[in-house]
Every structure is written in structure tokens, then in C-alpha cells.
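A short worksheet on the structure shown next.
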Amino acid sequence: RGHGPYQPHEPGYGLDQPGYNPYEDEVPDPQTRMLAIKNAKAYLLKTSTKSGLNLYDHFANILTKVLDEQPTNTVDIIENISKDVKWAQFRKKMDTLRDEPLISPTFEAAEKCKALFVKEFGDEHEGVEEEMGQPTLPNVMEAAFYFEQAGIGLNKDESYYIFLALKNLINVQPIQTCRFWGKILGLEMNYIIAEVQLREGEGEEEEETGEEGEGTTAEGEKETGEAGEDEEKEAEPPKSTYKPPPPIPKEPNGTGTNKYVYFVCNGPGKPWVKLPPVTPAQIVCARKIKKFFTGWLDAPIVSFPPFPGNEANYLRAQIARISAGTHVSPTGFYQFAEEEEEEEGGADTYEENPEFEPPPVAEMVESLATWAHHVKGILKQGRCVWINPVQKSEENEEEDDEEEEEEEEEEQQEERGPPLLTLISEDEGMKDIPAWSTQASTNLIPEYSVAILQSNRWPGAYAFASGGKFENIYFGWGHKYSPESYTPELPPPAEAEFPSGPEITETVDHTVEEEMAFKIAQEEALAEAEEEEDEEGEDD
Amino acid sequence: MEALSLPAALELVAGGGAGLSPERRAALAVSLPLVQRDYRFERVWFWGCIQGVRGAYYIAEGLGPDRAAPRSRLYSLNCVDWSLLTPATKEMLALAEEVKGRFQGDPSFEYNLAEINSEAAARLVEGGKEPVMKEEARLIATIEQIDRAVGIVPRGAFVKTPLGSVHENRHFEGLSLVEAKKLSSYFHFTDPVNLKNKTLLEKADLDPSTDFLDSLEHDIPRGSWSMQLEKGGTVVVLRSLLWLGLTFYHVPMTKQFGYVYFGTGEKNLDLPFML
């Protein structure tokens, strides 16, 4: 097409260019023509990438064959001759190693996600019979829409996969209510968490197996202690009579920190795993450590103080803390059940208030008193309802004559936390940062804006309210915010030794000679005293 | 991240839960091209959002012909009106290290240095200035620190010409899947610090046009990057653990990459305890 001296064969082409006008008498420059021939030949020699042949050789072979064989009507069968020549050129592929198509993990993951979209046939039948009462599948997409107005949330595809995954969860497990709690990020994988309430009676089978067996090990220690005192056949050092303080029992399923059961999965399409219930010891320890989640539920947590459990327990403890700290609802949405008369820490149950009138969004943004916690706060003990460990140990005691221990245990102050449904305006801030930040989703269109609440104590916890709808969610790494840097707990101070006094100070034992000398001296003194007496007696 | 590819990019980094509302996205799509026109930038990057207690700062960066030159930064409170920030100075950086805690959300807020660090306050007073630090200066310093510490690009995305200026590499077609999983394929997009410490053997393997920056392999502490394959392995997402909130994404075998910061603007000094 003009570049290079190859001259296209269109008639009249290039007539206007100097040197190519057929009416010119000058002989055209032989150099360019040679170059053109060379270019043409080079083009013909170009090797095809598919078959490894090139046109030049192919033509040469065809002409050779034609001239050798001299068939009749060559021009009619020229295509067949060309094909024959090509077939004759066929070389077996010597290279048996082929690149396997890369089975990228993309395809496997896509398979799993596709499984989410399959509608099981059983669903249609279950939809017709409504015996047990349909478990309420949360409208994840609706909540996602409201959160998106504030710029919070996952992208729509992921939200939809989570929606479908929750539906699968409901089909598999006996669930009464279900909610998308949020997503916690980890180093290698993330966790998607669903907060559910199991149907009555379903969750209790797991109680015994799920426990760490803390109660049983305490009893086991007591037994070995008694056995050791009885079987003193060999001279063993005296066994320590120290019995660790009994572990604070966890709250029963369905109340307090264990009110909800949590299921986690690493991603939509992956299987849901149930998290074990949380114990107060785990919460107390979780408050003292700060670790990233790796994404593997069975990963050990290496920390000081040593965390009683693995990552699944730590995750559950953090979820409990976040729920207790940041789950809020508009004031008045929930009210206490009417029979509430207990004083031990307030009612545990609440119900929706049918006469709730949502305040306008502007008011919800301005005043924090329009929001209230609907999850009980966790006390220092690690439970929502305080329990006196001393009383508990009395029940576990089997021998009555070990009164020393009861005296040594300290009297613990009963802890009272804020009652349920406290307004969040009472939450303390840290230094000069308030505990909550509010904003409206948009200032330009106030009539459709949504009130958004962000927690400053747990960065990543959000809540929205609009009209009568509200929702809480968490997206983050799962750690509390602290204005100061984290300092790990120091090891406990070394135990004090028994004070040394004269009664336990070792003195050197007297040697035999010394004792003999002392005895002789004593006898002499005695003998002298007798002689004196005798002398006195003789004087008479 | 590139302002033009903002919607697609935001979808890819949304795994962390942070993003922009539709109102802000629409505002950015409108205001960033205007910023490019007014300040005559060649490229405009949406850097991210620093969340303060009472408001948020949205940050954009503008690049000139040399992509490695110091970038101009602009901030906005509503994604519509942008104000230019002055370049960071060493004193600002030093002072910002002292100030801890959340941003307030008000650019004219002043941190009272006398409470925080009396020495620095004394020095300022001697210099004839008041012992305060404005939030705007802290903002400038924080953005500079974040960019220096964790602003990353894939290897091969930028080339250095023999004259020293840096351009985008038009032949960059993306990292392969294998390469994308290695930390060594990502570079810090700032002046290199460790490059000259490499042994001669290592330097012999480097290509001076593409390997002119520090890679992430030798970041201290080890493991301060979390790498995940999201969306079934189609997107590589790197999250920094030192500055929580910085997310980098790259779709292997394509030209799409970028990083954005959605966070509180505080360094995670507890990182060694948390790993």
C-alpha cells in the first residue's frame, strides 16, 4: 500500500509518481525493482505459524511434482495436487508435551457460586405448607441499598451471593430468625457472619460437645488431688493444695452473650460453620489481646495472656463484644415485655413496639437520644448477668472440711451493667472523641436521606435508620479502637517467698565433738554442784 | 485509582466494606474532570477518603507528565469543591508523628501541641509561631506518609525513560496469575530506598526501565500485607495492615490496577502485636 518498493498491480497505480510514468523514456531504476522482488520473495518465504510451511516452498514443491509427474489437465486438478503436497509434508508432532490448560481457581470458585443459583425442587413444596412458620430470610439487598447510600457495603454481586448463601443456610439448619451480621476481614481469607436464632430445642444437643470441658477438668483436678493424698506409697513432695478459682460458667444458650448463634463461612458458596458458644473467660481474655484473624477457624491464637481456644473462639468472642457494644435501634422500637419485674440486671427480653412512630431523619441525626442499645452490655466478668463465683464453688465442693479455701477467696463485688435499652447518648467517649458519629446520607435531598450512625469505639460498625426500618452491620477487621497504643499485659509479678526469719533459718548442726564437750562440761558443772552440796552437808 | 475507571474500580475494592455513596460517585464523575481541566493535570487519581469524627475528607491527586514527580493533592469535603493542598514539608511530617487520634473533620481545627508534646511546642514558640498544628497540615502530612509507605503499583506498569522521567507503560498487559500472587511483583510508587542495597547479583537481573522502585518483599514487618484473591480469583486485592484501610486491586492479565484509601488516617502502631 505504498510503503516499500512493492508495487501493487492495479492498473494506473503510481502513474503520477516520478519514474513510473509509462510515457517516460527513462528506464526505471533497477535497484527498486530488485528490492521489490526481494520483498516479494521474503513475503512468500514467511512461515505459517499453524503448519510450519511457507508459500514459497509449497509452490516449489507443487511445481516440482507437476513437472515430475506431468499429469493431464493439470490446471483443473491443481488444488488436489496442492493438497496432496501438503499431506505429504505432514510431520508427526514429536513434541508430546503439551501445555495443560491452566485450571485457574477462577473456574472452581465460579462453579461453587453457580451452585448457589440452583433452585432445589424441595423448595416449592415447602413453600406451600407453612407448618413451622417460615424462617424469615432477611432482605439483604434492601439493607445493602440503604447502607450504600452512606457508602458502606460490599458490591452488589457479593451482596447477592451472600443473600443466596443465607437462603441455603436457612434450608439446611433449623433456623427461626436470621440476619446478615457483617464481614470480618482476615489475613488470608475473610469471614462472612450470619446471626441466627435456632428453633427451640434444636441448639441444645451441641451444649456438651461444644464445651471446652472446663467444668470437667476442674473436677478432674480435685479427684487427682484426693487420690494423691491417699496413695502416698512413695515419698512424694507434698501436693500443692492450690485449687484454681473455679471458671465462671458460660451463659446458657439463648441468653446474654449466647443469645444468638453465629454461623460463618469464608465466602459465599463455601460451607457454613457454626461457631461454639462463648465463655466469659474467652471474653475477658479477648479484651486483653489484639490479633488479626487469619481466615482459618482452627488456627491457634498465640498470645499473652494465653487465649483459651483457637481462632473460632476468638472470633466468637469478638462478635459478642461488637454486638454488645454497637447493636442499636431507634429508641422506642423495642420495648420491654409487660411482665418484667425482675431486678437482677433487668429484663432480658424485649419485643417490638407495635405503636412505634419513627422520628424524622433529621432528628435521628442530630440527637443520639433517638437511638438505644438493644443488646446487653458485657460486664467485666465476661457475662451479661453477674454471677457470684463463690456460691458456685460451694455447690461443686464435695468435702466439707476444706474451709480454708472459702476464707481465702475474695469477696467479689456484684457488678451491674447498664440496663437493656439504654440510650446511646449515655455511651462514654474516649478522650475527646464521642462514641458515635452521625450523619445524614445526603444533604442535597433531605427528604429521602437516611440517618447513618458510625461507631468510633468499634470502627467498622454502622447502623442506619430510615422511616421505620433500621439495621446494624459490621465491616472491618474486628478490633476495638483505642486512642493509646496497645500494650500487652505484663506477666504477673514473681510470687513472694516466705519471709525468712530465725525460725526457718538453717543453722549448722553441732558436731559430735562439740556435743560431747558440751555434755562433759554440763556433767562437770553438775558434779561441782553436788560436791558443794556434799561439802555443805559435811560441815554439819 | 484512575478517575476515569472509578466505578469499576470501586466495585473491586468494595470487599472491605468501604466505598462511596451514589451521590459522591456522581459528584466525583463530574468534578474530577473539571479539576483536571483547571489545574492542567495529565492524570487525576482519586486517592481516597479519610474519615474524621465530624466529617470526611475526600482526596484527589493530580499528576503531571512525569508520573514520579511530587504529586499535587487536593481535598474536598463534599466531592464537588476541591482545594489544593500545599506540598508536605519535613516539619509537618515530624509534627504529624506526634499528633495521635482521629481527625476531627474540620480543616481549620487546631491541635494544641503544648498538651501533646511540649518540646515541639517549645520549638515552635521559639520560632515565633504558635504551638498549634492545624488539621490541614496534619492531613497533608498523613497523605504523604501513606503514599510513601504503602502506595503501590504492579511491576511493569510504569517505565523509566533514559532521561529519568517516568511514564505509564503502554505495553503493560497485566501480571500473569503466577506473578500476581507474589509480593515481589508490586512496587512502592515512591523514591526507592532499598534498591541500592541489593547485591550486584540481584541487580544484574533487574531491568532498569521497569525495576526502578522498591518491591514489597522486604517491607518491615514481614506480613504487613494481606493478599487475597477475590471474586473467585479474578481480582488480586492487597490490603495494608500498617495503614488499615488502604486497598490495592489488580485484575491479572488486564491493565486494571489502582489503590484507594478508606480509613481513619491513623497508622496501626500495634501491628507487631497483632500478627
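Chain identifiers are assigned as A, B, and so on, following the order in which chains appear in the C-alpha cells; residues are numbered from 1 within each chain, and ligands are numbered from 1 in order of appearance.
All residues of region 70-185 of chain B that DSSP, run on the backbone, classes as strand (DSSP E or B) are Ser72, Arg73, Leu74, Tyr75, Ser76, Ser83, Leu84, Leu85, Glu110, Tyr111, Asn112, Val132, Met133, Lys134, Ile152, Val153, Pro154, Phe158, Val159, Lys160, Val166, His167 and Glu168 of chain B.
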Counting only C-alpha atoms, collect the residues of chain A whose closest atom lies at most 7 Å from chain B, and write them out as a ChimeraX atom specification.
-> /A:105-106,109-110,148-155,187-189,290-292,437,475-476,483,485-486
Provide the CA of Thr257 (chain A) to CA of Gly325 (chain A) distance in Å, to one decimal place.
->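 Distance reported for this atom pair: 11.5 Å.
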Find the residues around region 138-143 of chain A up to 8 Å (only C-alpha atoms counted), leave out those fewer than 4 positions away in its own chain, and share them as a list in words.
->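 My reading of the contact set: Phe147, Ser159, Tyr160, Ile162, Phe163, Cys178, Arg179, Phe180 and Glu471 of chain A.
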Fewer than 4 positions away in the same chain doesn't count, so skip those; otherwise give me all residues within 12 Å of Lys86 (chain A), counting only C-alpha atoms, as a PDB file with N, CA, C and O atoms, in the first residue's frame.
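Written output follows (out18.pdb):
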```
ATOM      1  N   SER A  51       1.083 -24.348  10.487  1.00  0.00           N
ATOM      2  CA  SER A  51       1.557 -25.627   9.975  1.00  0.00           C
ATOM      3  C   SER A  51       3.057 -25.671   9.782  1.00  0.00           C
ATOM      4  O   SER A  51       3.608 -26.712   9.497  1.00  0.00           O
ATOM      5  N   GLY A  52       3.746 -24.549   9.902  1.00  0.00           N
ATOM      6  CA  GLY A  52       5.190 -24.582   9.722  1.00  0.00           C
ATOM      7  C   GLY A  52       5.629 -24.596   8.266  1.00  0.00           C
ATOM      8  O   GLY A  52       6.809 -24.752   7.973  1.00  0.00           O
ATOM      9  N   LEU A  53       4.682 -24.448   7.353  1.00  0.00           N
ATOM     10  CA  LEU A  53       5.083 -24.411   5.946  1.00  0.00           C
ATOM     11  C   LEU A  53       5.127 -22.975   5.475  1.00  0.00           C
ATOM     12  O   LEU A  53       4.601 -22.093   6.116  1.00  0.00           O
ATOM     13  N   ASN A  54       5.793 -22.758   4.368  1.00  0.00           N
ATOM     14  CA  ASN A  54       5.699 -21.430   3.770  1.00  0.00           C
ATOM     15  C   ASN A  54       5.354 -21.546   2.291  1.00  0.00           C
ATOM     16  O   ASN A  54       5.545 -22.579   1.666  1.00  0.00           O
ATOM     17  N   LEU A  55       4.820 -20.449   1.797  1.00  0.00           N
ATOM     18  CA  LEU A  55       4.219 -20.462   0.457  1.00  0.00           C
ATOM     19  C   LEU A  55       5.242 -20.743  -0.627  1.00  0.00           C
ATOM     20  O   LEU A  55       4.993 -21.463  -1.597  1.00  0.00           O
ATOM     21  N   ASP A  57       8.095 -22.422  -0.491  1.00  0.00           N
ATOM     22  CA  ASP A  57       8.472 -23.851  -0.597  1.00  0.00           C
ATOM     23  C   ASP A  57       7.322 -24.669  -1.144  1.00  0.00           C
ATOM     24  O   ASP A  57       7.528 -25.624  -1.908  1.00  0.00           O
ATOM     25  N   HIS A  58       6.126 -24.286  -0.725  1.00  0.00           N
ATOM     26  CA  HIS A  58       4.959 -25.046  -1.177  1.00  0.00           C
ATOM     27  C   HIS A  58       4.821 -24.968  -2.687  1.00  0.00           C
ATOM     28  O   HIS A  58       4.633 -25.978  -3.382  1.00  0.00           O
ATOM     29  N   PHE A  59       4.957 -23.755  -3.235  1.00  0.00           N
ATOM     30  CA  PHE A  59       4.882 -23.621  -4.689  1.00  0.00           C
ATOM     31  C   PHE A  59       5.992 -24.389  -5.372  1.00  0.00           C
ATOM     32  O   PHE A  59       5.790 -25.050  -6.406  1.00  0.00           O
ATOM     33  N   ALA A  60       7.190 -24.312  -4.763  1.00  0.00           N
ATOM     34  CA  ALA A  60       8.317 -25.029  -5.379  1.00  0.00           C
ATOM     35  C   ALA A  60       8.033 -26.507  -5.432  1.00  0.00           C
ATOM     36  O   ALA A  60       8.289 -27.184  -6.449  1.00  0.00           O
ATOM     37  N   ASN A  61       7.476 -27.025  -4.327  1.00  0.00           N
ATOM     38  CA  ASN A  61       7.163 -28.455  -4.301  1.00  0.00           C
ATOM     39  C   ASN A  61       6.092 -28.822  -5.322  1.00  0.00           C
ATOM     40  O   ASN A  61       6.164 -29.864  -5.983  1.00  0.00           O
ATOM     41  N   ILE A  62       5.073 -27.964  -5.433  1.00  0.00           N
ATOM     42  CA  ILE A  62       3.997 -28.261  -6.388  1.00  0.00           C
ATOM     43  C   ILE A  62       4.555 -28.316  -7.804  1.00  0.00           C
ATOM     44  O   ILE A  62       4.278 -29.245  -8.577  1.00  0.00           O
ATOM     45  N   LYS A  65       6.551 -31.349  -8.383  1.00  0.00           N
ATOM     46  CA  LYS A  65       5.716 -32.546  -8.549  1.00  0.00           C
ATOM     47  C   LYS A  65       5.056 -32.549  -9.924  1.00  0.00           C
ATOM     48  O   LYS A  65       4.988 -33.585 -10.611  1.00  0.00           O
ATOM     49  N   GLU A  79      -5.701 -27.859  -7.442  1.00  0.00           N
ATOM     50  CA  GLU A  79      -5.962 -27.779  -5.995  1.00  0.00           C
ATOM     51  C   GLU A  79      -5.686 -29.100  -5.333  1.00  0.00           C
ATOM     52  O   GLU A  79      -5.150 -29.175  -4.222  1.00  0.00           O
ATOM     53  N   ASN A  80      -6.088 -30.197  -6.006  1.00  0.00           N
ATOM     54  CA  ASN A  80      -5.831 -31.510  -5.399  1.00  0.00           C
ATOM     55  C   ASN A  80      -4.362 -31.781  -5.294  1.00  0.00           C
ATOM     56  O   ASN A  80      -3.891 -32.363  -4.324  1.00  0.00           O
ATOM     57  N   ILE A  81      -3.615 -31.357  -6.327  1.00  0.00           N
ATOM     58  CA  ILE A  81      -2.166 -31.547  -6.253  1.00  0.00           C
ATOM     59  C   ILE A  81      -1.606 -30.793  -5.049  1.00  0.00           C
ATOM     60  O   ILE A  81      -0.769 -31.301  -4.295  1.00  0.00           O
ATOM     61  N   SER A  82      -2.112 -29.571  -4.848  1.00  0.00           N
ATOM     62  CA  SER A  82      -1.626 -28.766  -3.719  1.00  0.00           C
ATOM     63  C   SER A  82      -1.926 -29.470  -2.399  1.00  0.00           C
ATOM     64  O   SER A  82      -1.084 -29.566  -1.512  1.00  0.00           O
ATOM     65  N   PHE A  90       3.308 -33.785   5.865  1.00  0.00           N
ATOM     66  CA  PHE A  90       2.896 -33.961   7.256  1.00  0.00           C
ATOM     67  C   PHE A  90       3.983 -34.618   8.071  1.00  0.00           C
ATOM     68  O   PHE A  90       4.494 -35.667   7.737  1.00  0.00           O
ATOM     69  N   ARG A  91       4.302 -33.928   9.137  1.00  0.00           N
ATOM     70  CA  ARG A  91       5.313 -34.477  10.041  1.00  0.00           C
ATOM     71  C   ARG A  91       4.634 -34.795  11.347  1.00  0.00           C
ATOM     72  O   ARG A  91       3.843 -34.024  11.846  1.00  0.00           O
TER      73      ARG A  91
END
```
DSSP on the backbone: what in region 5-228 of chain B comes out alpha helix (DSSP H), as a ChimeraX atom specification?
-> /B:6-13,22-39,90-98,113-116,118-126,135-150,177-180,200-205
